[in-house]
Structure formats: C-alpha cells, structure tokens
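K.L.:
Got a structure for you, written out below as structure tokens; questions coming shortly.
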Amino acid sequence: MKPEFTPDEIIATCISRRLRDGDIVVQGLSTPLTLAGYILAKCTYAPNLVLASAVGMAVTLDWKPLSLVHDEAMWLDRPLRRMNFPSICREILPTLEPREFLRPAQVDRRGHFNNVCIGDWRRPRLRLPGCGGIADITPIYRRVELYVPRHDARVFVEAVDFISGVGHVPDRPRDWYLVSDLATFDLHEGHVRLLTLHPGVSQDDVQARTGFPLQVAQPLRQTEPPTAEELRLLREEIDPLGIRKLETVGGAARAQLLKEIIHREMQSQRRDSRTYPTTQ
Amino acid sequence: MTDKTCTLAQAIAAIAPGSTLAIGGLMLHRRPMAAVRELVRARIGGLTLLGATLGLEADLLVGAGLARRVRTCYFGLEAFGLAPMFTRAASEGALEIVEETETSIACGLRATLARVGFIASPAWVGTDFLRVRPDVRTIADPYTGETCVAFPAIMPDVALIHALEADPMGNAILGGNLAVDWELSLTARTVIVTAERVVPRLSAEADLLGQRVTHVVEAPHGAAPTSCYPLYPLDAEAIVAYVDACQSDRFQQYLSAWLET
C-alpha cells in the first residue's frame, strides 16, 4: 500500500533528499518547513548535517522537535558555536555557502524571485516583510534552492514585481531548483523547466496554475514520494505539533491552525529536559 | 561617570524626536519592550526605526504613529504572520521605507566601527535594490575590476538593548541570542541598556562592553511578550492577541491597555 502524504510532507522530503551529509544548512526567517526537511535528512542519511539559524544566532549539531514557543532552545541549549548576526552574514554565508531553501512570494520564468512587495514598489498592493539576506546571497551562490508550499499563478508570474532574489544569470550556469506542492523544477537555458511531477499531479494541472508557459524536461518523471519511515519521522519525531503545516495554509485557516498549535504546545505535558528553563 | 543607572523615564527622555532608533534583539527574541512602552508613553515621534529585523516592538511604534521611516531587512511577526500595522502603513504609502538587507546593515554598522565610509560587497548585484536605493553607489573593485556595492556607514542615534544582566557601567550579558547588539552598542551615540537585573558585578562573561552605554535601567520582564532566553519563553498567546486586536481594528484599545501594564 502506498503511503498517503500531504503537501508539506512531500516538500520536506524533497528538501531533505537534496542535502548531503556534512552540509551546513540555514533556516531562514519563518520557514519551519525547511527545518523539518533538514532534520529529516539528519535523521536518515545525513547525521552530520550542521544546522544554523537566524532564530538563535548559533550553529548546532543537535536538533529538537519543532517548537513555536521555545524555538530558540534547539539552537542555544547546546550550540556548536554561538555567532552574532553580522558574523553569520559577513563571514559564514559568503565563504561556506550554506544550503538554504528560500520561499518566494513570486517567482518568474527566468527564475528571479521576490519577497519585497506585490505591485509597484512606490505604492504596493501588498507590502511584504522583506527578503532578509536573499539579495545578498543569490548574486554569488552557485546554488539557488526554492520551495513554494502553495503553487499558484499568483506566485508563478511572467515577471516578478521586484527582483530581490537573482535567478538566471547569463553565462553563469548554476544549480537552480524549486519544489512546490505539485512538482519540482530546474532552470534550463535560462527558463524555468518542469522536472518531475508529484504523484497524482498532471502536467496540465501544473501549467494551469503557472502564469507563464513551462518548459518540460524529457522524459518527465514522477517525484519519488515519501517513504513510510520518512512520514513517521516527520509526524512523530520531528514535528508532532504540525508547525510545518502553517506554511501550506492561509487566511482564517492558518490563524486557526496557529491557535491550535499554540494550545497543543502549551498543554503539552512532555516538557522534558529538551526545553528551557530547566536547562539553566 | 561610571554609574549609569537611572529610571526608564530618564533614559527615554534622552531620545530626541526624529532620531534614528536602533532596536536590539532579533525576531521575537529579547526585544526591548519595556523601553518601547516608555517611548510610546513619552510620545517621542518622527523616528527612523532601524533593526536587523523588526517585529512586534516596531509594529507598536508604527501603529502609535511615532515612526516616519523604517530601515530593516525583515519586518514581520515570523510564524505569527505579517506585522499588521506596518503592512497597512507601508501598503498605504504612509511610511518611508529605506530598503535594507542583512548585508547592507552588517556592512553599514561595521563600516562605522572601522571608521570608513563604506564596506564593499557583491550583494545586491542583479537585484532591484539599487534602483530603490539611489543613495547606495557601486564601485569597481580596484584590484579585479569587478562591480561591487559600496554599502554606506550606518550611525544610529540611539540603541535600545535588553539584557539579562547589566552592571552600572553597562557591561551586559545577553543570554545566547546575540543578534546585532554588539555592533549597536558601539555605533549609537545614546545606548540605553535595560536589564532583567542590575548587579554590582556580572555573574558571567559580558557580551557587551559598557564603554559606550549611556543609560542602565533595571526592567524585570522587560522583553515580554518576546522571549528572554533562557529566563522566559515567547508568550505566543499574547502575540496572537495582538494580531487579533489589529485585525479587528482594535489597535488603539490594545495600545491603551498595554500602556497601563
């Protein structure tokens, strides 16, 4: 029997399978799905994955289940090295090029992406939180890796409203990858190309929810689905509160899910030594 | 003067309207909430808010009408969503936005520390940031000829930093999550350190040196509802309550109630 899985689970699985043992990975701002994917790699074939985050300003070899309330504890209870923000940004990122999966608000056919504003910058329809350090790393990194939890023609647009992440650069081939809840993509000859379809998704489904004509890899394969063990790890060990799912819902449903997660975490009686303040 | 202890009101009175106010901590962690509350009480306005990231503390200042401009690479409430008052004001064009990224802030503060006018980086090349920051110039690397961005020095007028422990000179312990507070404490002209407790002598190694600190204020629970690792965690319910209040147009009621606390 094939295991049933949800969009967050196949995205986390795809993220985890891109990593190699010994890689250093970064969790950006408000991206629990990536952290679930990184920890999944650590629990399966990449035990020496080195984790770094903007949350706790530290690098660590240890992990804890995802948390909303105690999210710093994973990074700070037993750090390999404490860093500060400018040190991470000026010393770690340009030299080590850590792996980081970025979530764009818009991405276009050239692979450029946007986390600054929807509409004209001077009078946007929606101001977004900002791009953090995406504009700093994407001009220089050899790899650009993205994820889109809700594939939609409002995300996949002909041209982004503001380039805050650099995709295709002429004469500089690089490894550009995107996983959405429908499929995976790469850049081929400077154009976003459909690489694999998730189980149960058709090419027409993907094109209908993409705002530009897609190129298609030949042959077009199916994404390898999560295994039963990967699903068990995600659901029971890595993220029993389901925090990763916050990225796959919006609006009122997201607000409701957030309240449920907080309630579950507050009610959780299993406040063992993995959480502070008992550790200090 | 080596004893810089004072009341919160005395410290906040040192902030001039129109200042560039740098906010310590990061995300929803160790933000100087008690100091921000006093700032709102004192109604010091026309501020430029500067932070590596800005969140709840800055959203309250925007909602209270005290911010004219923001300079940050991320303004939001992380898992709790968009910062409601910022998002509204910025989408209405009611707030001037000076676009920053991690590198422009880090280079800007480090340029000030190094006493040079800029630090160069390959960041931003190929993005739209240079288009909306015409004050930021590019240069040719004098050795390789490659195009670099010359990120200008940043000099905050005031820094607000919350610590776990401080001594009267302003030496302080930050508790692990260091954010950008070291750089802020050395670059701002006025450095206000609030601390869970003020002690004659620190109990562990200092994360901040007090040399440039101008005010030291004891403010127990002064980061709440943001976290103060490892003393207290994020008050997630309080942050949800804030978002709910803003979304149902009850920001002013929320603000009034918060000022009473």
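Residue numbering restarts at 1 in every chain; chains get A, B, ... in the order shown in the structure tokens, and ligands count up from 1 in that same order.
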Within range 41-183 of chain B, find each residue whose DSSP state, derived from the backbone, is helix (DSSP H, G or I), and express the selection as a PyMOL selection string.
P.N.:
chain B and resi 41-42+56-63+78-80+84-91+102-114+129-132+181-183
K.L.:
Near chain B, meaning an atom within 6 Å, which residues of chain A appear when counting only C-alpha atoms? Write them as a PDB file with all heavy atoms, in the first residue's frame.
P.N.:
ATOM      1  N   SER A  30      11.016  32.404   9.566  1.00  0.00           N
ATOM      2  CA  SER A  30       9.667  31.871   9.425  1.00  0.00           C
ATOM      3  C   SER A  30       9.555  30.793   8.355  1.00  0.00           C
ATOM      4  O   SER A  30       8.708  30.852   7.481  1.00  0.00           O
ATOM      5  CB  SER A  30       8.692  33.018   9.115  1.00  0.00           C
ATOM      6  OG  SER A  30       7.377  32.566   9.278  1.00  0.00           O
ATOM      7  N   GLY A  56      18.251  31.511  16.512  1.00  0.00           N
ATOM      8  CA  GLY A  56      19.063  31.536  17.722  1.00  0.00           C
ATOM      9  C   GLY A  56      20.463  32.072  17.537  1.00  0.00           C
ATOM     10  O   GLY A  56      21.226  32.107  18.478  1.00  0.00           O
ATOM     11  N   MET A  57      20.811  32.483  16.323  1.00  0.00           N
ATOM     12  CA  MET A  57      22.150  33.014  16.098  1.00  0.00           C
ATOM     13  C   MET A  57      23.218  32.019  16.528  1.00  0.00           C
ATOM     14  O   MET A  57      24.144  32.362  17.263  1.00  0.00           O
ATOM     15  CB  MET A  57      22.359  34.328  16.864  1.00  0.00           C
ATOM     16  CG  MET A  57      21.479  35.446  16.421  1.00  0.00           C
ATOM     17  SD  MET A  57      22.050  36.147  14.869  1.00  0.00           S
ATOM     18  CE  MET A  57      20.752  35.613  13.785  1.00  0.00           C
ATOM     19  N   VAL A  69       7.029  28.112  20.727  1.00  0.00           N
ATOM     20  CA  VAL A  69       7.237  28.882  21.943  1.00  0.00           C
ATOM     21  C   VAL A  69       8.697  28.840  22.386  1.00  0.00           C
ATOM     22  O   VAL A  69       9.238  29.825  22.875  1.00  0.00           O
ATOM     23  CB  VAL A  69       6.315  28.348  23.060  1.00  0.00           C
ATOM     24  CG1 VAL A  69       6.552  29.084  24.364  1.00  0.00           C
ATOM     25  CG2 VAL A  69       4.856  28.479  22.627  1.00  0.00           C
ATOM     26  N   HIS A  70       9.320  27.690  22.198  1.00  0.00           N
ATOM     27  CA  HIS A  70      10.705  27.505  22.655  1.00  0.00           C
ATOM     28  C   HIS A  70      11.651  27.338  21.465  1.00  0.00           C
ATOM     29  O   HIS A  70      12.581  26.547  21.509  1.00  0.00           O
ATOM     30  CB  HIS A  70      10.810  26.267  23.552  1.00  0.00           C
ATOM     31  CG  HIS A  70      10.013  26.362  24.809  1.00  0.00           C
ATOM     32  ND1 HIS A  70       8.712  25.969  24.905  1.00  0.00           N
ATOM     33  CD2 HIS A  70      10.350  26.838  26.027  1.00  0.00           C
ATOM     34  CE1 HIS A  70       8.264  26.192  26.130  1.00  0.00           C
ATOM     35  NE2 HIS A  70       9.235  26.711  26.830  1.00  0.00           N
ATOM     36  N   ASN A  84      27.053  36.041  16.044  1.00  0.00           N
ATOM     37  CA  ASN A  84      26.051  37.094  16.008  1.00  0.00           C
ATOM     38  C   ASN A  84      25.634  37.335  14.562  1.00  0.00           C
ATOM     39  O   ASN A  84      26.176  36.735  13.633  1.00  0.00           O
ATOM     40  CB  ASN A  84      26.487  38.339  16.773  1.00  0.00           C
ATOM     41  CG  ASN A  84      27.437  39.217  15.997  1.00  0.00           C
ATOM     42  OD1 ASN A  84      27.853  38.876  14.908  1.00  0.00           O
ATOM     43  ND2 ASN A  84      27.761  40.341  16.572  1.00  0.00           N
ATOM     44  N   PHE A  85      24.657  38.170  14.392  1.00  0.00           N
ATOM     45  CA  PHE A  85      24.032  38.362  13.083  1.00  0.00           C
ATOM     46  C   PHE A  85      25.045  38.828  12.019  1.00  0.00           C
ATOM     47  O   PHE A  85      25.140  38.230  10.952  1.00  0.00           O
ATOM     48  CB  PHE A  85      22.885  39.361  13.287  1.00  0.00           C
ATOM     49  CG  PHE A  85      22.040  39.643  12.104  1.00  0.00           C
ATOM     50  CD1 PHE A  85      20.894  38.916  11.858  1.00  0.00           C
ATOM     51  CD2 PHE A  85      22.371  40.670  11.232  1.00  0.00           C
ATOM     52  CE1 PHE A  85      20.102  39.197  10.766  1.00  0.00           C
ATOM     53  CE2 PHE A  85      21.586  40.954  10.144  1.00  0.00           C
ATOM     54  CZ  PHE A  85      20.448  40.218   9.905  1.00  0.00           C
ATOM     55  N   PRO A  86      25.835  39.869  12.310  1.00  0.00           N
ATOM     56  CA  PRO A  86      26.796  40.282  11.275  1.00  0.00           C
ATOM     57  C   PRO A  86      27.850  39.213  10.982  1.00  0.00           C
ATOM     58  O   PRO A  86      28.301  39.097   9.845  1.00  0.00           O
ATOM     59  CB  PRO A  86      27.438  41.545  11.872  1.00  0.00           C
ATOM     60  CG  PRO A  86      26.416  42.061  12.830  1.00  0.00           C
ATOM     61  CD  PRO A  86      25.795  40.835  13.431  1.00  0.00           C
ATOM     62  N   ARG A 123       3.994  52.224  -4.481  1.00  0.00           N
ATOM     63  CA  ARG A 123       2.640  52.140  -3.921  1.00  0.00           C
ATOM     64  C   ARG A 123       2.156  50.707  -4.082  1.00  0.00           C
ATOM     65  O   ARG A 123       1.352  50.407  -4.964  1.00  0.00           O
ATOM     66  CB  ARG A 123       1.721  53.142  -4.628  1.00  0.00           C
ATOM     67  CG  ARG A 123       0.382  53.355  -3.937  1.00  0.00           C
ATOM     68  CD  ARG A 123       0.572  53.970  -2.544  1.00  0.00           C
ATOM     69  NE  ARG A 123      -0.605  53.773  -1.720  1.00  0.00           N
ATOM     70  CZ  ARG A 123      -1.591  54.648  -1.605  1.00  0.00           C
ATOM     71  NH1 ARG A 123      -1.555  55.786  -2.258  1.00  0.00           N
ATOM     72  NH2 ARG A 123      -2.620  54.392  -0.821  1.00  0.00           N
ATOM     73  N   PRO A 124       2.702  49.807  -3.271  1.00  0.00           N
ATOM     74  CA  PRO A 124       2.418  48.384  -3.493  1.00  0.00           C
ATOM     75  C   PRO A 124       0.979  48.015  -3.154  1.00  0.00           C
ATOM     76  O   PRO A 124       0.353  48.636  -2.291  1.00  0.00           O
ATOM     77  CB  PRO A 124       3.396  47.690  -2.545  1.00  0.00           C
ATOM     78  CG  PRO A 124       3.677  48.697  -1.480  1.00  0.00           C
ATOM     79  CD  PRO A 124       3.581  50.049  -2.118  1.00  0.00           C
ATOM     80  N   LEU A 126       0.489  45.109  -1.881  1.00  0.00           N
ATOM     81  CA  LEU A 126       0.782  44.491  -0.585  1.00  0.00           C
ATOM     82  C   LEU A 126       2.263  44.609  -0.303  1.00  0.00           C
ATOM     83  O   LEU A 126       3.096  44.153  -1.101  1.00  0.00           O
ATOM     84  CB  LEU A 126       0.365  43.008  -0.572  1.00  0.00           C
ATOM     85  CG  LEU A 126       0.662  42.270   0.743  1.00  0.00           C
ATOM     86  CD1 LEU A 126      -0.143  42.843   1.905  1.00  0.00           C
ATOM     87  CD2 LEU A 126       0.405  40.775   0.605  1.00  0.00           C
ATOM     88  N   ARG A 127       2.562  45.217   0.810  1.00  0.00           N
ATOM     89  CA  ARG A 127       3.942  45.248   1.266  1.00  0.00           C
ATOM     90  C   ARG A 127       4.244  43.919   1.968  1.00  0.00           C
ATOM     91  O   ARG A 127       3.473  43.475   2.820  1.00  0.00           O
ATOM     92  CB  ARG A 127       4.146  46.410   2.232  1.00  0.00           C
ATOM     93  CG  ARG A 127       5.501  46.452   2.906  1.00  0.00           C
ATOM     94  CD  ARG A 127       6.624  46.804   1.937  1.00  0.00           C
ATOM     95  NE  ARG A 127       7.901  46.282   2.420  1.00  0.00           N
ATOM     96  CZ  ARG A 127       9.073  46.613   1.874  1.00  0.00           C
ATOM     97  NH1 ARG A 127       9.123  47.447   0.862  1.00  0.00           N
ATOM     98  NH2 ARG A 127      10.178  46.101   2.342  1.00  0.00           N
ATOM     99  N   PRO A 129       7.110  41.331   4.152  1.00  0.00           N
ATOM    100  CA  PRO A 129       8.069  41.602   5.236  1.00  0.00           C
ATOM    101  C   PRO A 129       9.468  41.990   4.763  1.00  0.00           C
ATOM    102  O   PRO A 129      10.154  42.748   5.442  1.00  0.00           O
ATOM    103  CB  PRO A 129       8.114  40.271   5.994  1.00  0.00           C
ATOM    104  CG  PRO A 129       6.784  39.653   5.746  1.00  0.00           C
ATOM    105  CD  PRO A 129       6.450  40.026   4.323  1.00  0.00           C
ATOM    106  N   GLY A 130       9.894  41.483   3.603  1.00  0.00           N
ATOM    107  CA  GLY A 130      11.245  41.790   3.142  1.00  0.00           C
ATOM    108  C   GLY A 130      12.001  40.500   2.860  1.00  0.00           C
ATOM    109  O   GLY A 130      11.526  39.416   3.157  1.00  0.00           O
ATOM    110  N   GLY A 132      15.185  39.582   3.868  1.00  0.00           N
ATOM    111  CA  GLY A 132      16.279  39.133   4.733  1.00  0.00           C
ATOM    112  C   GLY A 132      17.603  39.303   4.023  1.00  0.00           C
ATOM    113  O   GLY A 132      17.963  40.427   3.662  1.00  0.00           O
ATOM    114  N   GLY A 133      18.286  38.199   3.780  1.00  0.00           N
ATOM    115  CA  GLY A 133      19.573  38.283   3.094  1.00  0.00           C
ATOM    116  C   GLY A 133      19.556  37.657   1.713  1.00  0.00           C
ATOM    117  O   GLY A 133      20.605  37.392   1.139  1.00  0.00           O
ATOM    118  N   ALA A 135      18.871  38.852  -1.198  1.00  0.00           N
ATOM    119  CA  ALA A 135      19.525  39.684  -2.224  1.00  0.00           C
ATOM    120  C   ALA A 135      21.044  39.701  -2.061  1.00  0.00           C
ATOM    121  O   ALA A 135      21.757  40.168  -2.954  1.00  0.00           O
ATOM    122  CB  ALA A 135      18.988  41.115  -2.151  1.00  0.00           C
ATOM    123  N   ASP A 136      21.526  39.243  -0.930  1.00  0.00           N
ATOM    124  CA  ASP A 136      22.967  39.230  -0.676  1.00  0.00           C
ATOM    125  C   ASP A 136      23.612  37.947  -1.178  1.00  0.00           C
ATOM    126  O   ASP A 136      24.724  37.963  -1.689  1.00  0.00           O
ATOM    127  CB  ASP A 136      23.238  39.349   0.836  1.00  0.00           C
ATOM    128  CG  ASP A 136      22.493  40.510   1.471  1.00  0.00           C
ATOM    129  OD1 ASP A 136      22.190  41.493   0.764  1.00  0.00           O
ATOM    130  OD2 ASP A 136      22.206  40.440   2.685  1.00  0.00           O
ATOM    131  N   PRO A 139      23.134  36.677  -5.636  1.00  0.00           N
ATOM    132  CA  PRO A 139      24.043  37.101  -6.712  1.00  0.00           C
ATOM    133  C   PRO A 139      25.327  36.273  -6.767  1.00  0.00           C
ATOM    134  O   PRO A 139      25.981  36.251  -7.811  1.00  0.00           O
ATOM    135  CB  PRO A 139      24.369  38.564  -6.351  1.00  0.00           C
ATOM    136  CG  PRO A 139      23.230  39.013  -5.511  1.00  0.00           C
ATOM    137  CD  PRO A 139      22.831  37.786  -4.719  1.00  0.00           C
ATOM    138  N   ILE A 163      12.805  42.351  -8.139  1.00  0.00           N
ATOM    139  CA  ILE A 163      13.797  41.268  -8.057  1.00  0.00           C
ATOM    140  C   ILE A 163      14.558  41.423  -6.743  1.00  0.00           C
ATOM    141  O   ILE A 163      15.385  42.318  -6.594  1.00  0.00           O
ATOM    142  CB  ILE A 163      14.780  41.288  -9.243  1.00  0.00           C
ATOM    143  CG1 ILE A 163      14.037  41.102 -10.570  1.00  0.00           C
ATOM    144  CG2 ILE A 163      15.850  40.194  -9.070  1.00  0.00           C
ATOM    145  CD1 ILE A 163      14.928  41.223 -11.800  1.00  0.00           C
ATOM    146  N   SER A 164      14.227  40.549  -5.775  1.00  0.00           N
ATOM    147  CA  SER A 164      15.025  40.538  -4.542  1.00  0.00           C
ATOM    148  C   SER A 164      15.846  39.258  -4.448  1.00  0.00           C
ATOM    149  O   SER A 164      16.708  39.144  -3.574  1.00  0.00           O
ATOM    150  CB  SER A 164      14.140  40.725  -3.311  1.00  0.00           C
ATOM    151  OG  SER A 164      13.237  39.650  -3.163  1.00  0.00           O
ATOM    152  N   PRO A 277      13.052  26.474  30.818  1.00  0.00           N
ATOM    153  CA  PRO A 277      14.227  26.953  31.536  1.00  0.00           C
ATOM    154  C   PRO A 277      14.920  25.895  32.389  1.00  0.00           C
ATOM    155  O   PRO A 277      15.861  26.231  33.092  1.00  0.00           O
ATOM    156  CB  PRO A 277      13.658  28.061  32.425  1.00  0.00           C
ATOM    157  CG  PRO A 277      12.273  27.641  32.704  1.00  0.00           C
ATOM    158  CD  PRO A 277      11.814  26.887  31.510  1.00  0.00           C
TER     159      PRO A 277
END
K.L.:
Gly24 in chain B: which residues within 8 Å, counting only C-alpha atoms, same-chain residues fewer than 4 positions away excluded, as a short mmCIF file (atom, residue, chain, number, x, y, z; two decimals) with all heavy atoms, in the first residue's frame?
P.N.:
data_model
loop_
_atom_site.label_atom_id
_atom_site.label_comp_id
_atom_site.auth_asym_id
_atom_site.auth_seq_id
_atom_site.Cartn_x
_atom_site.Cartn_y
_atom_site.Cartn_z
N ARG B 30 14.15 38.77 22.76
CA ARG B 30 14.88 39.77 23.54
C ARG B 30 14.73 41.17 22.96
O ARG B 30 15.69 41.90 22.81
CB ARG B 30 16.36 39.35 23.66
CG ARG B 30 17.04 39.87 24.92
CD ARG B 30 18.43 39.29 25.16
NE ARG B 30 19.22 39.16 23.97
CZ ARG B 30 19.73 40.19 23.27
NH1 ARG B 30 19.56 41.42 23.72
NH2 ARG B 30 20.41 39.96 22.17
N ARG B 31 13.51 41.52 22.65
CA ARG B 31 13.26 42.88 22.17
C ARG B 31 13.06 43.79 23.37
O ARG B 31 12.50 43.37 24.40
CB ARG B 31 12.00 42.94 21.29
CG ARG B 31 11.92 42.03 20.07
CD ARG B 31 13.10 41.82 19.19
NE ARG B 31 13.69 42.92 18.51
CZ ARG B 31 13.82 43.02 17.17
NH1 ARG B 31 13.30 42.10 16.37
NH2 ARG B 31 14.45 44.03 16.63
N PRO B 32 13.46 45.05 23.27
CA PRO B 32 13.38 45.97 24.43
C PRO B 32 11.97 46.51 24.62
O PRO B 32 11.71 47.70 24.46
CB PRO B 32 14.37 47.07 24.05
CG PRO B 32 14.34 47.08 22.56
CD PRO B 32 14.11 45.66 22.12
N GLY B 51 16.56 48.15 12.39
CA GLY B 51 16.78 46.87 13.06
C GLY B 51 17.21 45.83 12.04
O GLY B 51 16.81 45.91 10.88
N ALA B 159 20.41 53.42 20.54
CA ALA B 159 20.17 51.98 20.53
C ALA B 159 19.44 51.59 21.81
O ALA B 159 19.79 52.05 22.90
CB ALA B 159 21.49 51.21 20.44
N LEU B 160 18.39 50.78 21.66
CA LEU B 160 17.68 50.20 22.80
C LEU B 160 18.02 48.72 22.85
O LEU B 160 17.77 48.00 21.88
CB LEU B 160 16.16 50.34 22.64
CG LEU B 160 15.56 51.73 22.54
CD1 LEU B 160 14.03 51.61 22.41
CD2 LEU B 160 15.92 52.58 23.75
N ILE B 161 18.59 48.28 23.96
CA ILE B 161 19.02 46.89 24.07
C ILE B 161 18.52 46.32 25.39
O ILE B 161 18.69 46.97 26.44
CB ILE B 161 20.57 46.80 24.01
CG1 ILE B 161 21.06 47.29 22.64
CG2 ILE B 161 21.05 45.38 24.30
CD1 ILE B 161 22.57 47.47 22.55
N HIS B 162 17.92 45.14 25.33
CA HIS B 162 17.52 44.48 26.57
C HIS B 162 18.48 43.35 26.88
O HIS B 162 18.78 42.53 26.02
CB HIS B 162 16.08 43.96 26.49
CG HIS B 162 15.61 43.41 27.82
ND1 HIS B 162 15.36 44.23 28.88
CD2 HIS B 162 15.40 42.15 28.24
CE1 HIS B 162 14.98 43.49 29.93
NE2 HIS B 162 15.00 42.21 29.56
N ALA B 179 22.09 38.51 18.37
CA ALA B 179 21.54 39.46 17.40
C ALA B 179 22.64 40.39 16.87
O ALA B 179 23.74 39.94 16.56
CB ALA B 179 20.38 40.22 18.03
N VAL B 180 22.37 41.69 16.84
CA VAL B 180 23.34 42.64 16.28
C VAL B 180 23.72 43.66 17.36
O VAL B 180 24.20 44.74 17.09
CB VAL B 180 22.73 43.28 15.00
CG1 VAL B 180 21.54 44.15 15.32
CG2 VAL B 180 23.74 44.05 14.18
N ASP B 181 23.50 43.25 18.62
CA ASP B 181 23.58 44.21 19.72
C ASP B 181 24.99 44.69 20.02
O ASP B 181 25.18 45.82 20.48
CB ASP B 181 22.94 43.60 20.98
CG ASP B 181 21.46 43.33 20.78
OD1 ASP B 181 20.96 43.56 19.67
OD2 ASP B 181 20.81 42.90 21.75
N LEU B 184 25.48 47.51 17.66
CA LEU B 184 24.64 48.66 18.02
C LEU B 184 25.22 49.37 19.24
O LEU B 184 25.23 50.60 19.32
CB LEU B 184 23.20 48.21 18.32
CG LEU B 184 22.44 47.59 17.16
CD1 LEU B 184 21.00 47.27 17.58
CD2 LEU B 184 22.43 48.50 15.94
#
K.L.:
What does the structure give for the distance between CA of Gln215 in chain A and CA of Leu197 in chain A, in Å to one decimal?
P.N.:
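Separating CA of Gln215 in chain A from CA of Leu197 in chain A is a distance of 13.1 Å.
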K.L.:
Taking only C-alpha atoms into account, which of B:Ala195, B:Leu208, B:Ala64, B:Leu255 comes nearest Leu8 in chain B?
P.N.:
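When distances to Leu8 in chain B are compared using only C-alpha atoms, the smallest one comes from B:Ala195.
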K.L.:
For Thr187 in chain B, which residue among B:Glu146, B:Asp249, B:Asp141, B:Asp157 is the nearest when counting only C-alpha atoms?
P.N.:
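Checking each candidate against Thr187 in chain B, we get B:Asp157 as the closest.
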K.L.:
Find the distance between CA of Pro98 in chain A and CA of Tyr45 in chain A and write it in Å to one decimal.
P.N.:
18.1 Å
K.L.:
Using CA of Tyr147 in chain A and CA of Arg99 in chain A as the two end points, give the distance in Å to one decimal.
P.N.:
12.9 Å
K.L.:
For Arg244 in chain A, which residue among A:Pro149, A:Pro47, A:Gly111, A:Pro79 is the nearest when counting only C-alpha atoms?
P.N.:
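Answer, going by the shortest atom-to-atom distance: A:Pro149.
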K.L.:
Residues of range 44-258 of chain B classed as strand (DSSP E) by DSSP on the backbone are to be reported as a PyMOL selection string.
P.N.:
chain B and resi 47-51+67-72+96-99+118-121+137-140+147-152+158-166+172-173+190-198+215-218
K.L.:
Nearest to Ser180 in chain A: which of A:Glu265, A:Glu145, A:Glu4, A:Asp62 is it, counting only C-alpha atoms?
P.N.:
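So, comparing all the options, the nearest one is A:Glu145.
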